[in-house]
$ cat data-v1.txt   # compact mmCIF, C-alpha atoms
# COMPACT_ATOMS: atom_id res chain seq x y z
CA MET F 1 -11.73 -27.49 -42.73
CA ASP F 2 -8.24 -28.13 -41.33
CA ASN F 3 -6.16 -30.36 -43.63
CA LYS F 4 -5.73 -32.99 -40.92
CA LEU F 5 -9.50 -33.28 -40.53
CA SER F 6 -10.31 -33.23 -44.25
CA ALA F 7 -7.84 -36.06 -45.05
CA LEU F 8 -10.26 -38.97 -44.75
CA PRO F 9 -9.52 -42.61 -45.62
CA ARG F 10 -10.75 -43.90 -48.95
CA MET F 11 -11.41 -47.56 -48.19
CA PRO F 12 -13.14 -49.43 -45.33
CA LEU F 13 -11.03 -51.09 -42.64
CA GLN F 14 -11.98 -54.14 -40.59
CA ILE F 15 -10.71 -54.04 -37.00
CA ALA F 16 -11.13 -56.37 -34.01
CA ALA F 17 -11.18 -56.28 -30.22
CA ALA F 18 -10.20 -59.43 -28.34
CA GLN F 19 -11.31 -60.06 -24.77
CA ALA F 20 -10.08 -62.91 -22.59
CA GLN F 21 -8.91 -63.68 -19.06
CA PRO F 22 -5.12 -63.73 -18.70
CA VAL F 23 -3.41 -66.38 -16.63
CA CYS F 24 -1.84 -64.64 -13.64
CA GLY F 25 1.90 -64.31 -14.25
CA ASP F 26 2.03 -66.93 -17.01
CA THR F 27 3.42 -64.87 -19.86
CA ALA F 28 3.97 -67.91 -22.09
CA ALA F 29 0.31 -68.98 -21.80
CA ASN F 30 -0.90 -65.44 -22.39
CA ILE F 31 1.31 -65.01 -25.45
CA ALA F 32 -0.01 -68.29 -26.81
CA ARG F 33 -3.61 -67.11 -26.29
CA THR F 34 -2.78 -63.82 -27.98
CA VAL F 35 -1.47 -65.75 -30.98
CA GLU F 36 -4.66 -67.84 -31.16
CA LEU F 37 -7.00 -64.86 -30.90
CA THR F 38 -4.97 -62.85 -33.42
CA ALA F 39 -5.37 -65.68 -35.92
CA ILE F 40 -9.12 -65.73 -35.28
CA ALA F 41 -9.33 -61.98 -35.88
CA ALA F 42 -7.42 -62.38 -39.14
CA GLU F 43 -9.73 -65.18 -40.28
CA ARG F 44 -12.63 -62.77 -39.77
CA GLY F 45 -11.02 -60.24 -42.06
CA ALA F 46 -9.51 -57.90 -39.48
CA ARG F 47 -6.42 -55.93 -40.43
CA LEU F 48 -5.74 -55.00 -36.79
CA VAL F 49 -6.64 -56.52 -33.41
CA VAL F 50 -6.47 -54.88 -29.97
CA PHE F 51 -5.96 -56.71 -26.64
CA PRO F 52 -6.67 -55.59 -23.04
CA GLU F 53 -4.40 -53.63 -20.72
CA LYS F 54 -1.38 -55.61 -19.39
CA PHE F 55 -2.82 -58.79 -20.89
CA LEU F 56 0.55 -60.53 -21.23
CA SER F 57 1.08 -60.79 -17.47
CA GLY F 58 -2.37 -60.05 -16.12
CA TYR F 59 -2.92 -56.69 -14.42
CA GLU F 60 -0.98 -57.88 -11.30
CA PRO F 61 0.92 -54.76 -10.10
CA GLY F 62 2.70 -56.47 -7.20
CA LEU F 63 3.91 -59.34 -9.33
CA ILE F 64 5.27 -57.01 -12.01
CA ALA F 65 6.97 -54.64 -9.57
CA GLY F 66 8.54 -57.58 -7.73
CA ASP F 67 10.18 -59.09 -10.81
CA PRO F 68 10.11 -56.79 -13.86
CA ALA F 69 12.52 -58.96 -15.83
CA LYS F 70 10.06 -61.85 -15.67
CA TYR F 71 6.70 -60.14 -15.96
CA ALA F 72 7.44 -56.98 -17.97
CA PHE F 73 8.76 -56.79 -21.53
CA GLU F 74 11.63 -54.95 -23.12
CA ALA F 75 12.30 -53.77 -26.67
CA LEU F 76 12.53 -56.63 -29.20
CA ASP F 77 11.71 -59.18 -26.49
CA ALA F 78 12.30 -62.66 -27.95
CA ARG F 79 9.34 -64.11 -26.02
CA LEU F 80 7.07 -62.33 -28.48
CA ASP F 81 8.43 -64.07 -31.59
CA PRO F 82 5.31 -66.30 -31.95
CA LEU F 83 3.10 -63.21 -32.13
CA ARG F 84 5.42 -61.53 -34.63
CA GLU F 85 5.22 -64.63 -36.82
CA THR F 86 1.42 -64.73 -36.59
CA CYS F 87 1.13 -61.08 -37.62
CA ARG F 88 3.50 -61.67 -40.54
CA ARG F 89 1.73 -64.85 -41.69
CA HIS F 90 -1.75 -63.34 -41.55
CA ALA F 91 -0.79 -59.77 -42.56
CA ILE F 92 -2.50 -58.37 -39.46
CA ALA F 93 -1.34 -55.72 -37.01
CA ALA F 94 -1.73 -56.22 -33.25
CA VAL F 95 -1.86 -53.90 -30.24
CA VAL F 96 -1.15 -55.87 -27.07
CA GLY F 97 -1.29 -54.59 -23.49
CA ALA F 98 1.82 -55.29 -21.40
CA ALA F 99 4.04 -53.83 -18.74
CA THR F 100 7.37 -52.73 -20.21
CA HIS F 101 10.67 -51.85 -18.63
CA GLY F 102 13.66 -49.88 -19.84
CA ALA F 103 16.29 -47.45 -18.66
CA ASP F 104 13.62 -44.99 -17.48
CA GLY F 105 11.68 -47.55 -15.45
CA LEU F 106 8.37 -49.37 -15.79
CA HIS F 107 5.48 -48.36 -18.03
CA ILE F 108 1.97 -49.61 -18.73
CA SER F 109 2.24 -49.99 -22.47
CA SER F 110 0.62 -51.01 -25.70
CA LEU F 111 3.07 -53.16 -27.67
CA ILE F 112 2.54 -52.70 -31.40
CA PHE F 113 3.31 -55.15 -34.20
CA ASP F 114 2.76 -54.18 -37.82
CA CYS F 115 1.38 -56.28 -40.67
CA ARG F 116 4.89 -57.59 -41.43
CA GLY F 117 5.33 -58.81 -37.86
CA GLU F 118 7.82 -56.08 -37.04
CA ASP F 119 7.92 -54.14 -33.77
CA VAL F 120 6.71 -50.56 -33.77
CA ALA F 121 7.64 -48.22 -30.91
CA PRO F 122 5.24 -48.90 -28.02
CA TYR F 123 2.72 -46.46 -26.62
CA HIS F 124 3.01 -45.73 -22.89
CA LYS F 125 -0.13 -44.94 -20.86
CA GLN F 126 -0.20 -41.24 -20.05
CA TYR F 127 -2.81 -41.02 -17.28
CA LEU F 128 -2.11 -43.27 -14.29
CA TYR F 129 -4.27 -44.08 -11.31
CA ARG F 130 -2.63 -43.10 -8.01
CA SER F 131 -1.83 -46.73 -7.22
CA GLU F 132 -0.24 -47.16 -10.66
CA ALA F 133 1.86 -44.02 -10.25
CA GLN F 134 3.64 -45.68 -7.32
CA ILE F 135 5.06 -48.30 -9.70
CA TYR F 136 4.96 -46.94 -13.25
CA ARG F 137 6.10 -43.84 -15.07
CA PRO F 138 3.58 -42.01 -17.27
CA GLY F 139 4.07 -41.73 -21.00
CA THR F 140 4.68 -38.28 -22.42
CA ARG F 141 3.36 -38.54 -26.00
CA GLY F 142 0.29 -39.74 -27.79
CA CYS F 143 0.54 -42.39 -30.50
CA MET F 144 -1.12 -42.56 -33.90
CA LEU F 145 -0.96 -45.60 -36.18
CA GLU F 146 -1.46 -45.41 -39.94
CA LEU F 147 -3.03 -48.41 -41.63
CA ASP F 148 -4.63 -48.51 -45.09
CA GLY F 149 -5.19 -44.75 -45.00
CA TRP F 150 -6.75 -44.79 -41.52
CA ARG F 151 -5.23 -42.89 -38.61
CA LEU F 152 -5.75 -44.88 -35.41
CA ALA F 153 -4.92 -43.28 -32.05
CA LEU F 154 -4.12 -45.42 -29.01
CA GLY F 155 -5.16 -45.14 -25.38
CA ALA F 156 -4.82 -47.31 -22.28
CA CYS F 157 -7.72 -47.54 -19.81
CA TYR F 158 -7.69 -44.41 -17.61
CA ASP F 159 -6.48 -42.31 -20.57
CA SER F 160 -9.99 -42.57 -21.98
CA GLY F 161 -11.50 -40.91 -18.91
CA PHE F 162 -9.88 -37.61 -19.89
CA PRO F 163 -11.64 -35.94 -22.84
CA GLU F 164 -8.44 -34.11 -23.75
CA HIS F 165 -6.69 -37.38 -24.60
CA ALA F 166 -9.05 -38.37 -27.39
CA ARG F 167 -9.53 -34.74 -28.45
CA THR F 168 -5.79 -34.30 -28.98
CA ALA F 169 -5.81 -37.42 -31.17
CA ALA F 170 -8.78 -36.15 -33.17
CA VAL F 171 -7.27 -32.70 -33.70
CA ASN F 172 -4.14 -34.43 -35.00
CA GLY F 173 -6.20 -36.27 -37.59
CA ALA F 174 -7.34 -39.49 -35.90
CA HIS F 175 -10.23 -41.37 -37.48
CA ALA F 176 -10.47 -43.91 -34.64
CA TYR F 177 -9.47 -44.19 -30.97
CA LEU F 178 -8.42 -47.66 -29.81
CA VAL F 179 -8.23 -48.39 -26.09
CA SER F 180 -6.80 -51.35 -24.17
CA GLY F 181 -8.57 -51.40 -20.83
CA LEU F 182 -9.35 -52.98 -17.52
CA PHE F 183 -12.90 -52.03 -16.55
CA SER F 184 -14.38 -53.63 -13.47
CA VAL F 185 -17.79 -55.01 -12.57
CA LYS F 186 -18.12 -52.56 -9.67
CA SER F 187 -17.82 -49.24 -11.51
CA GLY F 188 -16.03 -49.87 -14.77
CA TYR F 189 -19.05 -50.85 -16.84
CA HIS F 190 -20.77 -47.60 -15.86
CA GLN F 191 -17.65 -45.61 -16.70
CA SER F 192 -17.13 -47.29 -20.05
CA ARG F 193 -20.70 -46.70 -21.20
CA ILE F 194 -20.32 -42.99 -20.47
CA TRP F 195 -16.76 -42.36 -21.57
CA PHE F 196 -16.59 -44.21 -24.87
CA PRO F 197 -19.77 -42.96 -26.57
CA ALA F 198 -18.78 -39.46 -25.45
CA ARG F 199 -15.25 -39.78 -26.87
CA ALA F 200 -16.79 -41.01 -30.16
CA PHE F 201 -19.50 -38.37 -30.51
CA ASP F 202 -17.47 -35.39 -29.24
CA ASN F 203 -14.71 -36.10 -31.75
CA THR F 204 -16.70 -37.81 -34.52
CA LEU F 205 -14.40 -40.81 -34.66
CA TYR F 206 -14.74 -44.56 -34.26
CA VAL F 207 -13.88 -45.86 -30.79
CA LEU F 208 -12.84 -49.37 -29.72
CA LEU F 209 -12.48 -50.86 -26.24
CA SER F 210 -10.76 -54.18 -25.55
CA ASN F 211 -11.47 -55.29 -21.97
CA HIS F 212 -10.70 -58.29 -19.76
CA VAL F 213 -13.16 -60.92 -18.60
CA GLY F 214 -12.89 -62.78 -15.30
CA THR F 215 -10.52 -61.72 -12.52
CA THR F 216 -7.07 -60.19 -12.85
CA GLY F 217 -4.96 -58.26 -10.36
CA GLY F 218 -7.72 -58.55 -7.79
CA TRP F 219 -10.29 -56.91 -10.07
CA ASP F 220 -13.51 -58.57 -11.21
CA THR F 221 -13.76 -57.31 -14.77
CA CYS F 222 -16.89 -56.64 -16.79
CA GLY F 223 -16.01 -57.71 -20.35
CA ALA F 224 -18.36 -55.95 -22.82
CA SER F 225 -15.58 -54.97 -25.22
CA ALA F 226 -17.20 -52.85 -27.90
CA ILE F 227 -16.80 -50.68 -30.98
CA TRP F 228 -18.71 -47.39 -31.32
CA SER F 229 -19.55 -45.41 -34.46
CA PRO F 230 -18.53 -41.75 -34.92
CA TYR F 231 -22.08 -40.88 -33.81
CA GLY F 232 -21.58 -42.72 -30.51
CA ASP F 233 -23.69 -45.78 -31.32
CA VAL F 234 -22.55 -49.32 -30.43
CA ILE F 235 -21.90 -51.25 -33.65
CA ALA F 236 -20.34 -54.38 -32.09
CA GLN F 237 -20.30 -55.61 -28.50
CA ALA F 238 -19.00 -58.66 -26.66
CA SER F 239 -20.63 -60.39 -23.69
CA ARG F 240 -19.93 -59.57 -20.06
CA GLU F 241 -18.35 -62.96 -19.24
CA ARG F 242 -17.11 -64.90 -22.30
CA GLU F 243 -13.85 -64.83 -24.19
CA GLU F 244 -14.63 -63.34 -27.59
CA VAL F 245 -13.28 -61.60 -30.67
CA ILE F 246 -15.56 -58.91 -32.08
CA THR F 247 -15.06 -57.09 -35.36
CA ALA F 248 -16.46 -54.03 -37.10
CA LEU F 249 -15.96 -52.40 -40.47
CA LEU F 250 -14.83 -48.79 -40.28
CA ASP F 251 -16.59 -47.00 -43.15
CA PRO F 252 -15.09 -43.78 -44.55
CA ALA F 253 -18.48 -42.73 -45.97
CA ALA F 254 -20.08 -43.01 -42.52
CA LEU F 255 -17.20 -41.06 -40.99
CA ALA F 256 -17.53 -38.30 -43.59
CA ASP F 257 -21.31 -38.14 -43.15
CA VAL F 258 -21.16 -37.72 -39.38
CA ARG F 259 -18.43 -35.09 -39.62
CA GLU F 260 -20.50 -33.18 -42.15
CA ARG F 261 -23.51 -33.13 -39.81
CA GLU F 262 -21.75 -32.79 -36.44
CA THR F 263 -19.15 -30.03 -36.60
CA ALA F 264 -17.95 -29.66 -32.99
CA LEU F 265 -14.47 -30.98 -33.83
CA ALA F 266 -14.04 -28.71 -36.84
CA ASP F 267 -15.37 -25.74 -34.87
CA PHE F 268 -12.90 -26.49 -32.06
CA VAL F 269 -10.01 -26.55 -34.54
CA ALA F 270 -11.24 -23.34 -36.16
CA ARG F 271 -10.85 -21.55 -32.81
CA GLY F 272 -7.14 -22.40 -32.90
CA GLU F 273 -7.16 -24.22 -29.56
CA ALA F 274 -3.69 -25.42 -28.53
CA THR F 275 -3.11 -29.17 -28.31
CA SER F 276 -0.06 -31.39 -27.98
CA THR F 277 1.28 -33.49 -30.83
CA VAL F 278 1.37 -37.25 -31.25
CA SER F 279 3.81 -39.67 -32.82
CA VAL F 280 2.61 -41.17 -36.13
CA LEU F 281 3.69 -44.76 -36.87
CA ARG F 282 3.00 -46.67 -40.10
CA LEU F 283 1.78 -50.28 -39.92
CA ASN F 284 2.02 -51.20 -43.62

$ encode --input "data-v1.txt" --output "structure tokens"
Amino acid sequence: MDNKLSALPRMPLQIAAAQAQPVCGDTAANIARTVELTAIAAERGARLVVFPEKFLSGYEPGLIAGDPAKYAFEALDARLDPLRETCRRHAIAAVVGAATHGADGLHISSLIFDCRGEDVAPYHKQYLYRSEAQIYRPGTRGCMLELDGWRLALGACYDSGFPEHARTAAVNGAHAYLVSGLFSVKSGYHQSRIWFPARAFDNTLYVLLSNHVGTTGGWDTCGASAIWSPYGDVIAQASREREEVITALLDPAALADVRERETALADFVARGEATSTVSVLRLN
């Protein structure tokens, strides 16, 4: 087996998905809620917590495009100091959905804070809906986090609809695929219950979705944040309407067992299929 696939973690890892309804345009309130939910995740033993897409402003494309300085975030943004302090105090990493802006324009991003409360380079969503592409620039690289021996790839919403996105992460050694999303009542629930089990089973990795509840950016969202096993089974799931933090223990023995029995990923690698690389960022 390829060295990247055979390098499995040795110890279990507790992770969490937080779902909540952001306050439209109120970044201070949303940061405060992120701090509270991160502390709850830490109290439940999680070493990492994931939040929904663009949670810090709400989805709100018009608002963000109209005033990026107010509603998007830049590198080392001081507004995020309370979250940095919470991560440091509780020794927990956090992945938080936000719009970001820099010299190259606006991105839909996952802001990343390590277990010391320090900023890690953000991940930028690579696959944009047509309406998003009018405002945001797509990211050009995948992102892999390393935490306690686990390799955790990131995605943002529509990324997860493209099998190649998760497959590239898996080929590069990912043990889990963590997605910040906005999935709607109308079609999103249906999409999520097809895409995420498929991404898990096809690549024999754990998969996590953090979704919104309530309404944001004109979308009625469907909640149901969840964590799937490498066999594609749901192992933790939130409600459709309530704010919640769910957790699951990622088990290296279960990961190894499924990969021993289901060899599609290893067989794909053995064929020498070409894939792009990802950035690898340490969280502890």

$ atom_distance --input "data-v1.txt" --atom1 "atom CA of F:Ala169" --atom2 "atom CA of F:Thr247"
22.1 Å

$ closest_residue --input "data-v1.txt" --among "F:Ala133, F:Leu182, F:Ala198, F:Ala176" --to "F:Asn211" --atoms "all atoms listed in the file"
F:Leu182

$ atom_distance --input "data-v1.txt" --atom1 "atom CA of F:Arg261" --atom2 "atom CA of F:Gln14"
24.0 Å

$ closest_residue --input "data-v1.txt" --among "F:Arg151, F:Lys186, F:Lys54, F:Arg47" --to "F:Lys125" --atoms "all atoms listed in the file"
F:Lys54

$ closest_residue --input "data-v1.txt" --among "F:Ala72, F:Ala39, F:Ala20, F:Ala28" --to "F:Arg88" --atoms "all atoms listed in the file"
F:Ala39

$ closest_residue --input "data-v1.txt" --among "F:Tyr231, F:Phe51, F:Phe113, F:Tyr206" --to "F:Ala248" --atoms "only C-alpha atoms"
F:Tyr206

$ residues_around --input "data-v1.txt" --residues "F:Ser6" --least-positions-apart "4" --cutoff "12 Å" --atoms "only C-alpha atoms" --output "NGL selection string"
:F and (1-2 or 10 or 170-175 or 252 or 255-256 or 259-260 or 265-266 or 269)

$ closest_residue --input "data-v1.txt" --among "F:Asp77, F:Ala253, F:Ser239, F:Cys222" --to "F:Asp119" --atoms "all atoms listed in the file"
F:Asp77

$ closest_residue --input "data-v1.txt" --among "F:Ile246, F:Ala153, F:Leu208, F:Ala69" --to "F:Ile40" --atoms "all atoms listed in the file"
F:Ile246

$ atom_distance --input "data-v1.txt" --atom1 "atom CA of F:Glu241" --atom2 "atom CA of F:Arg84"
28.4 Å

$ residues_around --input "data-v1.txt" --residues "F:Val23" --least-positions-apart "2" --cutoff "10 Å" --atoms "only C-alpha atoms" --output "ChimeraX atom specification"
/F:20-21,25-30,33,55-59,215-216

$ residues_near_point --input "data-v1.txt" --point "(1.1, -63.9, -39.5)" --cutoff "12 Å" --atoms "all atoms listed in the file" --output "PyMOL selection string"
chain F and resi 35-43+47-48+81-94+113-118
